[in-house]
>>> print(open('data_24.cif').read())   # mmCIF, C-alpha atoms
data_coords
#
loop_
_atom_site.label_atom_id
_atom_site.label_comp_id
_atom_site.auth_asym_id
_atom_site.auth_seq_id
_atom_site.Cartn_x
_atom_site.Cartn_y
_atom_site.Cartn_z
CA MET A 4 -34.75 -54.09 42.62
CA ASP A 5 -36.18 -51.72 40.01
CA GLN A 6 -35.92 -48.83 42.45
CA LEU A 7 -32.28 -49.65 43.10
CA ASN A 8 -31.55 -49.75 39.36
CA ASN A 9 -33.32 -46.43 38.89
CA LYS A 10 -31.26 -44.85 41.68
CA LEU A 11 -28.05 -46.13 40.13
CA GLU A 12 -29.06 -44.80 36.71
CA ASN A 13 -29.95 -41.41 38.21
CA ARG A 14 -26.61 -41.21 39.99
CA GLN A 15 -24.75 -42.11 36.80
CA THR A 16 -26.73 -39.49 34.89
CA GLU A 17 -25.98 -36.81 37.51
CA ARG A 18 -22.30 -37.77 37.56
CA SER A 19 -22.16 -37.59 33.78
CA ARG A 20 -23.79 -34.15 33.77
CA ALA A 21 -21.40 -32.91 36.46
CA GLU A 22 -18.40 -34.14 34.49
CA SER A 23 -19.77 -32.50 31.35
CA ARG A 24 -20.18 -29.17 33.20
CA ARG A 25 -16.65 -29.38 34.59
CA ALA A 26 -15.26 -30.16 31.12
CA GLU A 27 -17.18 -27.21 29.64
CA LYS A 28 -15.86 -24.84 32.32
CA SER A 29 -12.30 -26.10 31.80
CA SER A 30 -12.63 -25.68 28.04
CA MET A 31 -13.98 -22.14 28.47
CA LYS A 32 -11.04 -21.20 30.73
CA THR A 33 -8.62 -22.55 28.14
CA ARG A 34 -10.37 -20.60 25.38
CA VAL A 35 -10.21 -17.41 27.44
CA TRP A 36 -6.50 -17.78 28.15
CA THR A 37 -5.76 -18.51 24.51
CA GLY A 38 -7.70 -15.36 23.60
CA VAL A 39 -5.85 -13.30 26.24
CA ILE A 40 -2.54 -14.32 24.68
CA GLY A 41 -3.57 -14.60 21.04
CA LEU A 42 -5.60 -11.39 20.62
CA PRO A 43 -2.77 -8.99 21.56
CA LEU A 44 -0.44 -10.95 19.27
CA LEU A 45 -2.91 -10.63 16.41
CA ILE A 46 -3.27 -6.89 17.09
CA ILE A 47 0.50 -6.42 17.04
CA ILE A 48 0.81 -8.30 13.72
CA LEU A 49 -1.96 -6.31 12.06
CA TYR A 50 -0.85 -2.96 13.49
CA THR A 51 2.84 -3.42 12.65
CA GLY A 52 2.23 -4.54 9.07
CA GLY A 53 5.11 -4.91 6.64
CA PHE A 54 7.38 -7.92 7.16
CA ILE A 55 5.65 -8.91 10.41
CA LEU A 56 2.28 -9.03 8.63
CA VAL A 57 3.74 -11.09 5.77
CA MET A 58 5.25 -13.61 8.19
CA GLY A 59 2.11 -13.78 10.34
CA VAL A 60 -0.28 -14.26 7.42
CA SER A 61 2.08 -16.75 5.77
CA PHE A 62 2.18 -18.79 8.97
CA LEU A 63 -1.63 -18.81 9.20
CA ALA A 64 -1.92 -19.82 5.55
CA PHE A 65 0.68 -22.58 5.85
CA VAL A 66 -0.87 -24.15 8.95
CA GLY A 67 -4.38 -23.68 7.57
CA THR A 68 -3.42 -25.36 4.29
CA MET A 69 -1.96 -28.31 6.17
CA GLU A 70 -5.10 -28.60 8.30
CA TYR A 71 -7.34 -28.49 5.24
CA THR A 72 -5.24 -31.09 3.42
CA ARG A 73 -5.26 -33.42 6.42
CA ALA A 74 -9.05 -33.15 6.73
CA ILE A 75 -9.70 -33.77 3.03
CA ASN A 76 -7.31 -36.73 2.99
CA LYS A 77 -9.54 -38.40 5.58
CA MET A 78 -12.35 -38.34 3.02
CA ILE A 79 -10.87 -39.12 -0.37
CA ARG A 80 -8.65 -41.65 -2.11
CA PRO A 81 -6.16 -41.07 -3.65
CA LYS A 82 -5.00 -38.44 -1.18
CA ILE A 83 -3.99 -34.89 -1.99
CA ASN A 84 -0.25 -34.56 -2.54
CA VAL A 85 0.87 -32.42 0.40
CA PHE A 86 4.06 -31.21 -1.31
CA LEU A 87 2.18 -30.11 -4.44
CA MET A 88 -0.40 -28.30 -2.32
CA ILE A 89 2.25 -26.39 -0.37
CA VAL A 90 4.16 -25.41 -3.52
CA LEU A 91 1.01 -24.12 -5.20
CA ALA A 92 -0.04 -22.28 -2.02
CA ILE A 93 3.32 -20.51 -1.85
CA MET A 94 3.01 -19.65 -5.54
CA VAL A 95 -0.41 -18.00 -5.27
CA MET A 96 0.39 -16.16 -2.03
CA THR A 97 3.62 -14.79 -3.48
CA THR A 98 1.68 -13.59 -6.51
CA ILE A 99 -0.87 -11.82 -4.34
CA LYS A 100 1.88 -10.07 -2.41
CA LEU A 101 3.95 -9.04 -5.44
CA ASP A 102 1.30 -8.27 -8.05
CA TYR A 103 -2.39 -9.07 -7.55
CA PHE A 104 -3.03 -8.48 -11.25
CA PHE A 105 -1.32 -11.81 -12.07
CA LEU A 106 -3.33 -13.88 -9.58
CA MET A 107 -5.86 -15.12 -12.13
CA PRO A 108 -3.21 -16.21 -14.71
CA VAL A 109 -1.24 -17.95 -11.95
CA LEU A 110 -4.39 -19.64 -10.68
CA LEU A 111 -5.08 -20.89 -14.21
CA VAL A 112 -1.54 -22.26 -14.38
CA ALA A 113 -2.15 -23.99 -11.03
CA PHE A 114 -5.36 -25.45 -12.48
CA ILE A 115 -3.41 -26.89 -15.42
CA VAL A 116 -0.66 -28.25 -13.16
CA ILE A 117 -3.18 -29.93 -10.85
CA PHE A 118 -4.95 -31.77 -13.66
CA CYS A 119 -1.70 -32.66 -15.45
CA TYR A 120 -0.53 -34.22 -12.20
CA GLU A 121 -3.81 -36.12 -11.95
CA ILE A 122 -3.54 -37.45 -15.48
CA LEU A 123 0.12 -38.46 -15.12
CA SER A 124 -0.60 -40.20 -11.81
CA GLY A 125 -2.77 -42.70 -13.67
CA HIS A 126 -5.91 -42.16 -11.60
CA VAL A 127 -9.33 -41.60 -13.12
CA GLY A 128 -11.52 -38.93 -11.55
CA ILE A 129 -11.63 -35.26 -10.60
CA GLN A 130 -12.34 -35.53 -6.86
CA ARG A 131 -8.74 -35.01 -5.71
CA SER A 132 -8.06 -32.31 -8.30
CA SER A 133 -11.21 -30.41 -7.36
CA ALA A 134 -10.39 -30.66 -3.66
CA THR A 135 -6.85 -29.39 -4.30
CA LEU A 136 -8.10 -26.42 -6.31
CA MET A 137 -10.73 -25.63 -3.67
CA GLY A 138 -8.02 -25.74 -1.00
CA LEU A 139 -5.95 -23.13 -2.84
CA ILE A 140 -8.88 -20.74 -3.00
CA TYR A 141 -10.20 -21.53 0.47
CA VAL A 142 -7.03 -21.00 2.48
CA PRO A 143 -3.97 -19.27 0.89
CA ILE A 144 -5.87 -17.02 -1.50
CA MET A 145 -8.39 -15.96 1.14
CA PHE A 146 -5.65 -15.32 3.71
CA GLY A 147 -3.44 -13.70 1.06
CA HIS A 148 -5.98 -10.93 0.57
CA LEU A 149 -4.84 -9.52 3.92
CA PHE A 150 -1.66 -8.39 2.12
CA LEU A 151 -3.73 -6.18 -0.15
CA PHE A 152 -4.98 -3.82 2.54
CA GLU A 153 -1.51 -2.29 2.73
CA THR A 154 -1.88 -1.24 -0.91
CA ILE A 155 -5.03 0.77 -0.15
CA ASN A 156 -5.04 4.26 1.32
CA LYS A 157 -6.11 3.93 4.99
CA GLY A 158 -6.41 0.21 4.38
CA ALA A 159 -5.79 -0.59 8.05
CA TYR A 160 -9.21 0.84 8.94
CA TYR A 161 -10.82 -1.58 6.50
CA MET A 162 -8.71 -4.51 7.73
CA TRP A 163 -9.81 -3.99 11.32
CA LEU A 164 -13.40 -4.07 10.08
CA ILE A 165 -12.94 -7.76 9.19
CA PHE A 166 -12.33 -8.66 12.81
CA VAL A 167 -15.01 -6.35 14.18
CA ILE A 168 -17.62 -8.16 12.09
CA ALA A 169 -16.25 -11.65 12.75
CA PHE A 170 -15.85 -11.35 16.52
CA THR A 171 -19.15 -9.54 17.16
CA THR A 172 -21.03 -12.05 15.02
CA ASP A 173 -19.50 -15.06 16.77
CA THR A 174 -20.04 -13.63 20.26
CA ALA A 175 -23.60 -12.46 19.69
CA ALA A 176 -24.64 -15.64 17.87
CA TYR A 177 -23.27 -17.78 20.69
CA PHE A 178 -24.96 -15.97 23.58
CA ILE A 179 -28.24 -15.20 21.81
CA GLY A 180 -28.50 -18.72 20.45
CA LYS A 181 -27.79 -20.18 23.88
CA SER A 182 -30.35 -17.91 25.55
CA ILE A 183 -33.34 -17.99 23.21
CA GLY A 184 -32.33 -20.21 20.32
CA ASN A 185 -34.41 -23.29 19.66
CA ARG A 186 -34.84 -23.90 15.95
CA LYS A 187 -31.64 -25.09 14.28
CA ILE A 188 -30.30 -23.40 11.16
CA ALA A 189 -28.29 -26.36 9.80
CA PRO A 190 -28.79 -29.38 12.10
CA LEU A 191 -26.94 -31.82 9.85
CA ILE A 192 -23.86 -29.60 9.75
CA SER A 193 -23.74 -27.84 13.12
CA PRO A 194 -26.48 -28.95 15.55
CA LYS A 195 -25.78 -26.17 18.10
CA LYS A 196 -26.28 -23.22 15.74
CA THR A 197 -29.74 -21.70 15.78
CA ILE A 198 -31.73 -19.33 13.60
CA ALA A 199 -32.13 -16.92 16.54
CA GLY A 200 -28.37 -16.91 17.09
CA SER A 201 -27.71 -16.36 13.40
CA VAL A 202 -30.13 -13.45 13.10
CA GLY A 203 -28.88 -11.98 16.37
CA GLY A 204 -25.31 -12.21 15.11
CA VAL A 205 -26.20 -10.30 11.94
CA VAL A 206 -28.06 -7.55 13.83
CA VAL A 207 -25.34 -7.07 16.46
CA ALA A 208 -22.59 -7.13 13.81
CA ALA A 209 -24.39 -4.44 11.79
CA LEU A 210 -24.83 -2.24 14.88
CA CYS A 211 -21.21 -2.71 15.98
CA THR A 212 -20.02 -1.96 12.45
CA ILE A 213 -21.96 1.32 12.50
CA LEU A 214 -20.43 2.07 15.92
CA TYR A 215 -16.96 1.31 14.52
CA GLY A 216 -17.64 3.71 11.65
CA THR A 217 -18.78 6.38 14.10
CA ILE A 218 -15.52 6.03 16.04
CA LEU A 219 -13.49 6.31 12.83
CA SER A 220 -15.30 9.44 11.72
CA SER A 221 -15.08 11.07 15.18
CA TYR A 222 -11.44 10.40 15.98
CA PHE A 223 -9.62 9.35 12.79
CA SER A 224 -11.18 11.53 10.05
CA PHE A 225 -12.32 8.45 8.14
CA VAL A 226 -15.89 9.13 7.08
CA LEU A 227 -18.30 6.83 5.26
CA PRO A 228 -22.12 6.97 5.27
CA TRP A 229 -23.60 4.96 8.14
CA TYR A 230 -25.78 2.91 5.79
CA LEU A 231 -22.68 1.58 4.01
CA TYR A 232 -21.40 0.29 7.34
CA MET A 233 -24.78 -1.28 8.00
CA ILE A 234 -24.81 -3.01 4.59
CA VAL A 235 -21.28 -4.37 4.89
CA GLY A 236 -21.99 -5.43 8.47
CA VAL A 237 -25.02 -7.45 7.39
CA PHE A 238 -23.40 -9.11 4.39
CA GLY A 239 -20.11 -9.59 6.21
CA SER A 240 -21.87 -11.32 9.08
CA ILE A 241 -23.77 -13.60 6.71
CA ALA A 242 -20.56 -14.42 4.85
CA GLY A 243 -18.76 -15.14 8.12
CA GLN A 244 -21.48 -17.52 9.27
CA CYS A 245 -21.33 -19.29 5.91
CA GLY A 246 -17.58 -19.64 6.42
CA ASP A 247 -18.16 -21.12 9.85
CA LEU A 248 -20.68 -23.63 8.49
CA THR A 249 -18.38 -24.51 5.57
CA ALA A 250 -15.63 -25.47 8.00
CA SER A 251 -18.15 -27.43 10.08
CA MET A 252 -19.34 -29.24 6.96
CA ILE A 253 -15.78 -30.32 6.10
CA LYS A 254 -15.12 -31.49 9.67
CA ARG A 255 -18.38 -33.43 9.87
CA LYS A 256 -17.67 -35.19 6.59
CA ALA A 257 -14.12 -35.96 7.73
CA LYS A 258 -15.43 -37.05 11.16
CA MET A 259 -13.20 -34.59 13.00
CA LYS A 260 -13.99 -32.46 16.04
CA ASP A 261 -11.33 -29.85 15.25
CA PHE A 262 -8.96 -29.15 12.38
CA GLY A 263 -5.99 -29.10 14.75
CA THR A 264 -4.73 -28.40 18.26
CA ILE A 265 -2.42 -25.42 17.73
CA LEU A 266 -4.81 -23.07 19.57
CA PRO A 267 -5.76 -24.63 22.94
CA GLY A 268 -9.49 -24.47 23.54
CA HIS A 269 -10.16 -23.33 19.97
CA GLY A 270 -8.65 -26.14 17.89
CA GLY A 271 -6.74 -25.33 14.73
CA ILE A 272 -6.21 -22.21 12.66
CA LEU A 273 -9.23 -23.01 10.49
CA ASP A 274 -11.39 -23.53 13.58
CA ARG A 275 -10.63 -19.97 14.73
CA PHE A 276 -10.40 -18.21 11.35
CA ASP A 277 -13.17 -20.08 9.48
CA SER A 278 -15.58 -17.13 9.50
CA ILE A 279 -12.80 -14.57 8.98
CA LEU A 280 -11.68 -16.28 5.76
CA PHE A 281 -15.02 -15.58 4.09
CA ILE A 282 -15.13 -11.98 5.31
CA ILE A 283 -11.63 -10.96 4.13
CA PRO A 284 -12.30 -10.79 0.34
CA LEU A 285 -15.71 -9.20 0.92
CA ILE A 286 -14.16 -6.34 2.90
CA TYR A 287 -11.42 -5.96 0.29
CA ILE A 288 -14.08 -5.49 -2.40
CA PHE A 289 -15.89 -3.04 -0.11
CA ALA A 290 -12.63 -1.12 0.35
CA LYS A 291 -11.98 -0.89 -3.37
CA LEU A 292 -15.50 0.38 -4.00
CA THR A 293 -15.57 2.98 -1.22
CA ILE A 294 -11.99 4.23 -0.82
CA GLY A 295 -12.74 7.22 -3.04
CA ILE A 296 -15.58 8.23 -0.72
CA ALA A 297 -13.75 8.10 2.64
#
>>> encode(input="data_24.cif", output="structure tokens")
Amino acid sequence: MDQLNNKLENRQTERSRAESRRAEKSSMKTRVWTGVIGLPLLIIILYTGGFILVMGVSFLAFVGTMEYTRAINKMIRPKINVFLMIVLAIMVMTTIKLDYFFLMPVLLVAFIVIFCYEILSGHVGIQRSSATLMGLIYVPIMFGHLFLFETINKGAYYMWLIFVIAFTTDTAAYFIGKSIGNRKIAPLISPKKTIAGSVGGVVVAALCTILYGTILSSYFSFVLPWYLYMIVGVFGSIAGQCGDLTASMIKRKAKMKDFGTILPGHGGILDRFDSILFIIPLIYIFAKLTIGIA
């Protein structure tokens, strides 16, 4: 009887593993197809710039803001006012596009509006207000910095650097972590991410950033010292991984697998752009500091 039970359990275990492998393969195929379609679209948006870039970034910011608000509203009561969040997001993104100098004053006005709304609503506490303010910085302001690269001489070369760092970090961290990773870097936030994968992601991102700089200097007359590329590659990769873990932390607290379903196989906008969001302002600062050198 015991042997029969053991055989049944073994069969169930094997069947479960087989189903898990099939689901993983299906998910990978979906991710690949989404990338095949989405990557050229992203390249077109970034390369074209102008109105197309404004519309593309605005779409990402709008959907990302909605995803963030939905996730936070699973965690807190009272909930964030969606209409107020969208209005404030439009306000700060418009400011970034028209005149970045006024972003801080406008953000301070948004701060006042948020807490006035909280006081007038009759609720006691700062949890919702803090979450609303964080959402403005986390999504529309971070995304809005993509507008600023058009105001910088040869800014497109810097903007592409964001995606070089993000994609090489994600790819290297995934494969290295899967191959040799054992010790987890943040088990309570993202159990699959390992220290080996994280370190490997930083190293590969730094090397690929240097390679990117070499290509720019060889074919596009855009020259920066190799060590600057190495430094920004390292810090950009670290920032991107922190962005990834920040998104994972929000999802785990909200008990969500993904922020959304708009990108099949990837989830929502914030699932795909979580690391990129943290890299964008860092590269903008790097651009402002080094544009006189290139």
>>> resolve_selection(input="data_24.cif", expression="the PyMOL selection byres ((chain A and resi 234-250) around 6)", output="ChimeraX atom specification")
/A:205,208-209,212,231-233,251-253,277-278,281-282
>>> closest_residue(input="data_24.cif", among="A:Phe105, A:Phe146, A:Phe170, A:Phe225", to="A:Met58", atoms="all atoms listed in the file")
A:Phe146
>>> residues_around(input="data_24.cif", residues="A:Ile198", least_positions_apart="4", cutoff="7 Å", atoms="only C-alpha atoms", output="list of chain:residue names")
A:Gly184, A:Arg186, A:Lys187, A:Ile188, A:Val202
>>> closest_residue(input="data_24.cif", among="A:Val112, A:Gly138, A:Pro43, A:Lys100", to="A:Ile83", atoms="all atoms listed in the file")
A:Gly138
>>> closest_residue(input="data_24.cif", among="A:Met69, A:Leu136, A:Ile265, A:Leu219", to="A:Lys157", atoms="all atoms listed in the file")
A:Leu219
>>> axis_aligned_box(input="data_24.cif", around="stretch 115-133 of chain A", padding_each_side="3 Å", output="AutoDock Vina command-line options")
--center_x -6.1 --center_y -34.8 --center_z -10.6 --size_x 18.5 --size_y 21.8 --size_z 15.8
>>> residues_around(input="data_24.cif", residues="A:Ala134", least_positions_apart="3", cutoff="10 Å", atoms="all atoms listed in the file", output="short mmCIF file (atom, residue, chain, number, x, y, z; two decimals) with C-alpha atoms, in the frame of the given file")
data_model
loop_
_atom_site.label_atom_id
_atom_site.label_comp_id
_atom_site.auth_asym_id
_atom_site.auth_seq_id
_atom_site.Cartn_x
_atom_site.Cartn_y
_atom_site.Cartn_z
CA TYR A 71 -7.34 -28.49 5.24
CA THR A 72 -5.24 -31.09 3.42
CA ILE A 75 -9.70 -33.77 3.03
CA ASN A 76 -7.31 -36.73 2.99
CA ILE A 79 -10.87 -39.12 -0.37
CA LYS A 82 -5.00 -38.44 -1.18
CA ILE A 83 -3.99 -34.89 -1.99
CA ILE A 129 -11.63 -35.26 -10.60
CA GLN A 130 -12.34 -35.53 -6.86
CA ARG A 131 -8.74 -35.01 -5.71
CA MET A 137 -10.73 -25.63 -3.67
CA GLY A 138 -8.02 -25.74 -1.00
CA LEU A 139 -5.95 -23.13 -2.84
#
>>> residues_around(input="data_24.cif", residues="A:Phe86", least_positions_apart="6", cutoff="12 Å", atoms="only C-alpha atoms", output="NGL selection string")
:A and (65 or 68-69 or 72 or 92-93 or 135)
>>> closest_residue(input="data_24.cif", among="A:Ile272, A:Met259, A:Leu227, A:Ile46", to="A:Leu292", atoms="all atoms listed in the file")
A:Leu227
>>> closest_residue(input="data_24.cif", among="A:Gly270, A:Pro190, A:Gly263, A:Pro81", to="A:Glu121", atoms="only C-alpha atoms")
A:Pro81
>>> residues_around(input="data_24.cif", residues="A:Thr154", least_positions_apart="4", cutoff="12 Å", atoms="all atoms listed in the file", output="mmCIF file with C-alpha atoms, in the frame of the given file")
data_model
loop_
_atom_site.group_PDB
_atom_site.id
_atom_site.type_symbol
_atom_site.label_atom_id
_atom_site.label_comp_id
_atom_site.auth_asym_id
_atom_site.auth_seq_id
_atom_site.Cartn_x
_atom_site.Cartn_y
_atom_site.Cartn_z
ATOM 1 C CA GLY A 52 2.230 -4.540 9.070
ATOM 2 C CA GLY A 53 5.110 -4.910 6.640
ATOM 3 C CA ILE A 99 -0.870 -11.820 -4.340
ATOM 4 C CA LYS A 100 1.880 -10.070 -2.410
ATOM 5 C CA LEU A 101 3.950 -9.040 -5.440
ATOM 6 C CA ASP A 102 1.300 -8.270 -8.050
ATOM 7 C CA TYR A 103 -2.390 -9.070 -7.550
ATOM 8 C CA HIS A 148 -5.980 -10.930 0.570
ATOM 9 C CA LEU A 149 -4.840 -9.520 3.920
ATOM 10 C CA PHE A 150 -1.660 -8.390 2.120
ATOM 11 C CA GLY A 158 -6.410 0.210 4.380
ATOM 12 C CA ALA A 159 -5.790 -0.590 8.050
ATOM 13 C CA TYR A 161 -10.820 -1.580 6.500
ATOM 14 C CA MET A 162 -8.710 -4.510 7.730
ATOM 15 C CA TYR A 287 -11.420 -5.960 0.290
ATOM 16 C CA ALA A 290 -12.630 -1.120 0.350
ATOM 17 C CA LYS A 291 -11.980 -0.890 -3.370
ATOM 18 C CA ILE A 294 -11.990 4.230 -0.820
#
>>> closest_residue(input="data_24.cif", among="A:Glu153, A:Asn185, A:Ile144, A:Gly128", to="A:Thr98", atoms="all atoms listed in the file")
A:Ile144
>>> atom_distance(input="data_24.cif", atom1="atom CA of A:Leu280", atom2="atom CA of A:Cys119")
28.6 Å
>>> atom_distance(input="data_24.cif", atom1="atom CA of A:Met94", atom2="atom CA of A:Met145")
13.7 Å
>>> atom_distance(input="data_24.cif", atom1="atom CA of A:Arg80", atom2="atom CA of A:Ser193")
25.5 Å
>>> residues_around(input="data_24.cif", residues="A:Val116", least_positions_apart="6", cutoff="12 Å", atoms="all atoms listed in the file", output="PyMOL selection string")
chain A and resi 87-88+90-91+109-110+122-123+132+135-136
>>> build_atoms(input="data_24.cif", residues="stretch 166-190 of chain A", atoms="N, CA and C atoms", output="mmCIF file, keeping the file's coordinate frame")
data_model
loop_
_atom_site.group_PDB
_atom_site.id
_atom_site.type_symbol
_atom_site.label_atom_id
_atom_site.label_comp_id
_atom_site.auth_asym_id
_atom_site.auth_seq_id
_atom_site.Cartn_x
_atom_site.Cartn_y
_atom_site.Cartn_z
ATOM 1 N N PHE A 166 -12.313 -8.021 11.501
ATOM 2 C CA PHE A 166 -12.330 -8.660 12.810
ATOM 3 C C PHE A 166 -13.463 -8.135 13.683
ATOM 4 N N VAL A 167 -13.848 -6.883 13.474
ATOM 5 C CA VAL A 167 -15.010 -6.350 14.180
ATOM 6 C C VAL A 167 -16.247 -7.172 13.824
ATOM 7 N N ILE A 168 -16.456 -7.397 12.548
ATOM 8 C CA ILE A 168 -17.620 -8.160 12.090
ATOM 9 C C ILE A 168 -17.547 -9.608 12.563
ATOM 10 N N ALA A 169 -16.392 -10.224 12.401
ATOM 11 C CA ALA A 169 -16.250 -11.650 12.750
ATOM 12 C C ALA A 169 -16.467 -11.889 14.238
ATOM 13 N N PHE A 170 -15.795 -11.108 15.078
ATOM 14 C CA PHE A 170 -15.850 -11.350 16.520
ATOM 15 C C PHE A 170 -17.218 -10.996 17.105
ATOM 16 N N THR A 171 -17.824 -9.901 16.638
ATOM 17 C CA THR A 171 -19.150 -9.540 17.160
ATOM 18 C C THR A 171 -20.207 -10.541 16.716
ATOM 19 N N THR A 172 -20.084 -11.032 15.498
ATOM 20 C CA THR A 172 -21.030 -12.050 15.020
ATOM 21 C C THR A 172 -20.915 -13.322 15.840
ATOM 22 N N ASP A 173 -19.705 -13.819 16.015
ATOM 23 C CA ASP A 173 -19.500 -15.060 16.770
ATOM 24 C C ASP A 173 -20.004 -14.928 18.205
ATOM 25 N N THR A 174 -19.655 -13.817 18.851
ATOM 26 C CA THR A 174 -20.040 -13.630 20.260
ATOM 27 C C THR A 174 -21.547 -13.502 20.414
ATOM 28 N N ALA A 175 -22.151 -12.667 19.586
ATOM 29 C CA ALA A 175 -23.600 -12.460 19.690
ATOM 30 C C ALA A 175 -24.365 -13.726 19.327
ATOM 31 N N ALA A 176 -23.949 -14.410 18.289
ATOM 32 C CA ALA A 176 -24.640 -15.640 17.870
ATOM 33 C C ALA A 176 -24.568 -16.693 18.958
ATOM 34 N N TYR A 177 -23.436 -16.777 19.626
ATOM 35 C CA TYR A 177 -23.270 -17.780 20.690
ATOM 36 C C TYR A 177 -24.213 -17.505 21.856
ATOM 37 N N PHE A 178 -24.179 -16.278 22.382
ATOM 38 C CA PHE A 178 -24.960 -15.970 23.580
ATOM 39 C C PHE A 178 -26.462 -15.875 23.295
ATOM 40 N N ILE A 179 -26.825 -15.291 22.162
ATOM 41 C CA ILE A 179 -28.240 -15.200 21.810
ATOM 42 C C ILE A 179 -28.804 -16.577 21.509
ATOM 43 N N GLY A 180 -28.049 -17.366 20.758
ATOM 44 C CA GLY A 180 -28.500 -18.720 20.450
ATOM 45 C C GLY A 180 -28.647 -19.573 21.680
ATOM 46 N N LYS A 181 -27.729 -19.401 22.646
ATOM 47 C CA LYS A 181 -27.790 -20.180 23.880
ATOM 48 C C LYS A 181 -28.947 -19.743 24.762
ATOM 49 N N SER A 182 -29.299 -18.455 24.681
ATOM 50 C CA SER A 182 -30.350 -17.910 25.550
ATOM 51 C C SER A 182 -31.755 -18.185 25.017
ATOM 52 N N ILE A 183 -31.980 -17.894 23.742
ATOM 53 C CA ILE A 183 -33.340 -17.990 23.210
ATOM 54 C C ILE A 183 -33.439 -18.875 21.969
ATOM 55 N N GLY A 184 -32.311 -19.401 21.533
ATOM 56 C CA GLY A 184 -32.330 -20.210 20.320
ATOM 57 C C GLY A 184 -32.958 -21.567 20.530
ATOM 58 N N ASN A 185 -33.760 -21.977 19.583
ATOM 59 C CA ASN A 185 -34.410 -23.290 19.660
ATOM 60 C C ASN A 185 -34.344 -23.994 18.304
ATOM 61 N N ARG A 186 -34.823 -23.310 17.284
ATOM 62 C CA ARG A 186 -34.840 -23.900 15.950
ATOM 63 C C ARG A 186 -33.445 -23.849 15.327
ATOM 64 N N LYS A 187 -32.988 -24.991 14.819
ATOM 65 C CA LYS A 187 -31.640 -25.090 14.280
ATOM 66 C C LYS A 187 -31.579 -24.575 12.841
ATOM 67 N N ILE A 188 -30.447 -23.954 12.506
ATOM 68 C CA ILE A 188 -30.300 -23.400 11.160
ATOM 69 C C ILE A 188 -29.739 -24.423 10.185
ATOM 70 N N ALA A 189 -28.873 -25.312 10.658
ATOM 71 C CA ALA A 189 -28.290 -26.360 9.800
ATOM 72 C C ALA A 189 -27.964 -27.573 10.677
ATOM 73 N N PRO A 190 -28.984 -28.294 11.118
ATOM 74 C CA PRO A 190 -28.790 -29.380 12.100
ATOM 75 C C PRO A 190 -27.863 -30.495 11.635
#
